[in-house]
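Notes to accompany the following structure.
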Amino acid sequence: MTSTAARPAPAPAARPAPRPRRRGPRLTPYALLVPAVAVLAAGLGYPLFWQVVTSLQEFGLAQQFGQPPTFVGLDNYARIFTDDRLWAVVVRSIVFCLVNAFLTVGTGVLLALLMKAVHPVVRVVLQVGLLLAWAMPMVAAVTVWKWLFDWRTGVVNWLLVQLGFDSYAGHAWLAQPLSFFFVATVIIVWMSVPFVALSVYAALTQVSDEVLEAARIDGAGPSRILWHITLPLVRPVLSIVLLLQIIWDLRVFAQIKLLQDGGAPVSETNLLGNFIYETGIGRQDFAGAAAVSIFVLALTVLLSWPYVRSLLKEDAR
Amino acid sequence: MSATTTGVPGPVAAQPARSGTPALPTAARTRRGAPGGRTARRVRRALLGLLALVVAAVWAFPVYWMVLSSVLPSARLRASTPTFLPTSATLANYRSVLDGDGFGSALRMSLAITGVTVVAVLAFAFLAALAISRFRFRGRLTFVVAVLFVQMLPAEGLFIAQYKMLSSTNLLNSVLGVSVLYTAAVVPFTIWMLRGFVAGVPIELEEAAMVDGLSRTRAFLRITFPLLAPGLVASGVYAFLQAWNEFTVALVALPAESARTLPLWLRSFLASSANRGVDWGEVMAASTLIAVPVIVFFLIVQGRMTSGLVSGAVKG
């Protein structure tokens with residue numbers, strides 16, 4: 001930020017090098033990029049290319065047995081996007097994504113404000129609690145939640161019965177789509193809130209106390225200070241966090257896949273990722289799966305644009 | 001795989017402080033209001049503190065429950081009333097998990113894939129970070145933009161193509177195939193993270209060494225490289241957590257039972273236990289075996305990682 005900070009001179013090559021190595025600096029950056037570019041090309045670039053090509057081809061059983069694929073233009077897209085099942089999945093994914101993203105950010109902001117308001121010792125306890133949840137490997141986390149929501153001996157049902165909701169004795173949460181998604185939401189909010197809460201808390205600590213004090217002297221109450229000063233000041237962080245959460249919640253796959261293992265109605269609980277998996281790996285319809293994948297990737301790139309732009313600003317600094 | 005599904009997301013760009021002066025948090029507050037208001041405020045603060053403790057307990061509960069269930073005998077877990085304290089702890093669940101087949105080979109597989117990925121990610125990302133933070137060259141901006149977009153791409157949008165690629169090159173179920181995919185998935189974010197660290201080391205330091213007669217390379221190795229150690233540690237830990245926890249790509253790239261990593265093994269362990277009416281004690285012991293090393297590691301480095309990230313971001 002300051003002028004003394006590392007700001008590489010525009011042309012290090014122009015500086016007098018101890019020995020005449022004219023070619024070195026000019027080619028060095030490209031040489032340094034070779035391994036990273038190579039692995040990106042192999043791991044992401046080629047699959048992406050294959051996917052674009054395949055989505056424009058007929059890739060059925062005949063092709064599986066060695067026939068050359070035929071170019072069919074946008075037929076696969078037309079076929080997939082006139083499929084009502086896909087639209088059901090798209091709508092479900094978007095609703096699920098928005099509900100989860102807003103719940104996560106809302107809860108995260110509340111917890112960040114709570115952290116700001118309490119004694120430092122209590123704050124550390126709260127942060128450790130959040131970090132524990134954040135650190136849990138995803139597969140282990142979903143497994144534990146399945147145990148908590150277990151229909152026979154799970155704690156959740158036991159607790160609900162203790163509270164007087166007797167109908168929850170032996171309630172199978174994962175058998176109905178709606179309660180299935182309730183459990184999925186609980187899990188995803190639980191594991192995503194720590195990141196939001198700690199990021200927003202970090203932003204809150206940057207809000208200068210003089211500004212808050214000035215507002216207080218001017219007679220603003222706590223809620224006005226919150227709405228008109230604190231939240232606007234942390235708005236850049238809030239919008240980035242919300243955007244990231246939307247992007248991440250749109251791609252939820254593994255949690256759903258793992259929850260479905262318990263015998264949930266698969267076709268009614270699939271999200272976009274699960275739909276792609278089933279179309280491609282399950283039904284071997286690679287062209288259709290590729291078409292849906294391209295759609296998901298395009299959506300992600302579109303949504304990511306504001307985030308990438310904000311990071312680029314940091315790069316230019 | 002992505003930076004995100006496994007839960008260790010990238011840093012949000014830290015907001016620069018609105019004012020540089022350290023604040024006086026509470027001194028000013030007491031100026032306003034009568035003594036009665038002060039007690040009310042103290043009560044409110046105590047209530048909020050209580051609420052915070054409850055929230056902390058709720059958030060940590062699943063982790064506690066996992067560890068607790070793993071040391072309880074299965075008869076206790078089948079009881080109609082749950083046991084909330086470890087009154088009759090036993091390690092029998094761990095013993096049967098470790099004695100059963102699958103865990104050992106899954107552990108070896110996970111270690112191999114994670115090891116290859118961490119080493120490759122560190123080497124590749126370090127070189128690339130050097131290029132974009134120490135040089136200005138044609139195509140630099142294109143590369144940076146590409147890296148930033150690529151790190152956002154969801155594994156779910158590419159895994160079918162990755163599966164076809166690996167199956168056509170006979171790399172399904174191999175350490176190499178998955179490691180390439182993991183490295184490609186983790187490298188973009190790591191480049192970005194290391195870029196902040198490299199940029200945080202003033203180039204003037206290097207130049208001073210060069211004035212003193214060191215070559216550019218040696219100045220870099222002697223001066224800058226040691227200062228980057230925290231950044232490399234943070235990136236290495238990040239790559240470790242990503243590769244160790246990853247599930248989605250592993251699911252498609254490692255279909256064979258013998259090639260399972262730990263997350264895949266845990267899933268199949270639960271499935272096979274479900275056939276004989278889930279033994280939750282064993283399943284939780286298996287989960288704990290996978291989770292505890294990760295949690296310990298994460299808690300130890302988390303503070304250093306975030307502070308490193310923030311300082312890297314702010315000074316860039």
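Note on naming: chains are A, B, ... as they come in the structure tokens, residues start from 1 per chain, ligands start from 1 in the order shown.
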Stretch 219-297 of chain B: which residues are alpha helix (DSSP H) by DSSP, as an mmCIF file with C-alpha atoms, in the first residue's frame?
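Dumped everything to result32.cif:
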data_model
loop_
_atom_site.group_PDB
_atom_site.id
_atom_site.type_symbol
_atom_site.label_atom_id
_atom_site.label_comp_id
_atom_site.auth_asym_id
_atom_site.auth_seq_id
_atom_site.Cartn_x
_atom_site.Cartn_y
_atom_site.Cartn_z
ATOM 1 C CA ALA B 219 20.541 -12.807 -4.330
ATOM 2 C CA PHE B 225 13.844 -17.485 -0.417
ATOM 3 C CA PRO B 226 14.323 -17.728 3.373
ATOM 4 C CA LEU B 227 11.747 -14.990 3.858
ATOM 5 C CA ALA B 229 9.349 -20.033 4.181
ATOM 6 C CA PRO B 230 6.062 -19.171 5.952
ATOM 7 C CA GLY B 231 4.337 -18.792 2.606
ATOM 8 C CA LEU B 232 5.594 -22.145 1.428
ATOM 9 C CA VAL B 233 4.490 -23.789 4.669
ATOM 10 C CA ALA B 234 1.027 -22.275 4.345
ATOM 11 C CA SER B 235 0.730 -23.344 0.715
ATOM 12 C CA GLY B 236 1.964 -26.827 1.517
ATOM 13 C CA VAL B 237 -0.593 -27.209 4.295
ATOM 14 C CA TYR B 238 -3.309 -25.941 2.016
ATOM 15 C CA ALA B 239 -2.376 -28.465 -0.681
ATOM 16 C CA PHE B 240 -2.196 -31.221 1.929
ATOM 17 C CA LEU B 241 -5.679 -30.483 3.274
ATOM 18 C CA GLN B 242 -7.159 -30.314 -0.219
ATOM 19 C CA ALA B 243 -5.653 -33.591 -1.403
ATOM 20 C CA TRP B 244 -6.225 -35.448 1.863
ATOM 21 C CA ASN B 245 -9.904 -34.521 2.140
ATOM 22 C CA THR B 248 -15.474 -35.783 -5.676
ATOM 23 C CA VAL B 249 -12.611 -36.292 -8.119
ATOM 24 C CA ALA B 250 -11.451 -39.399 -6.275
ATOM 25 C CA LEU B 251 -14.939 -40.856 -6.683
ATOM 26 C CA VAL B 252 -14.685 -40.807 -10.478
ATOM 27 C CA ALA B 253 -10.925 -41.293 -10.889
ATOM 28 C CA LEU B 262 -9.397 -42.558 2.976
ATOM 29 C CA PRO B 263 -12.547 -40.506 2.206
ATOM 30 C CA LEU B 264 -13.732 -43.145 -0.279
ATOM 31 C CA TRP B 265 -12.919 -45.862 2.210
ATOM 32 C CA LEU B 266 -14.930 -44.127 4.954
ATOM 33 C CA ARG B 267 -17.941 -43.955 2.656
ATOM 34 C CA SER B 268 -17.759 -47.645 1.801
ATOM 35 C CA PHE B 269 -17.105 -48.501 5.440
ATOM 36 C CA LEU B 270 -20.402 -46.859 6.397
ATOM 37 C CA ALA B 271 -22.168 -48.596 3.500
ATOM 38 C CA SER B 272 -20.884 -52.038 4.463
ATOM 39 C CA SER B 273 -21.730 -51.392 8.105
ATOM 40 C CA ALA B 274 -25.259 -50.411 7.060
ATOM 41 C CA TRP B 280 -21.979 -46.271 14.710
ATOM 42 C CA GLY B 281 -19.181 -46.748 17.215
ATOM 43 C CA GLU B 282 -16.946 -48.251 14.552
ATOM 44 C CA VAL B 283 -18.006 -45.723 11.926
ATOM 45 C CA MET B 284 -17.236 -42.854 14.291
ATOM 46 C CA ALA B 285 -13.869 -44.399 15.150
ATOM 47 C CA ALA B 286 -13.130 -44.520 11.429
ATOM 48 C CA SER B 287 -14.228 -40.886 11.011
ATOM 49 C CA THR B 288 -12.116 -39.805 13.966
ATOM 50 C CA LEU B 289 -9.050 -41.537 12.551
ATOM 51 C CA ILE B 290 -9.408 -39.458 9.394
ATOM 52 C CA ALA B 291 -10.495 -36.206 10.999
ATOM 53 C CA VAL B 292 -8.316 -35.771 14.062
ATOM 54 C CA PRO B 293 -4.960 -35.403 12.286
ATOM 55 C CA VAL B 294 -6.529 -32.886 9.927
ATOM 56 C CA ILE B 295 -8.149 -30.899 12.748
ATOM 57 C CA VAL B 296 -4.943 -30.786 14.789
ATOM 58 C CA PHE B 297 -2.930 -29.705 11.774
#
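Remark: for A:Val292, the closest of the candidate residues A:Ala133, A:Ile217, A:Leu56, A:Val142 is A:Leu56 (distances computed over only C-alpha atoms).
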Just give me the gap between atom CA of A:Leu212 and atom CA of A:Val109 in Å, one decimal is fine. 18.1 Å
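The residue that comes closest to A:Ser293, out of A:Val308, A:Ile276, A:Val252, A:Ile188 and on the basis of only C-alpha atoms, is A:Ile276.
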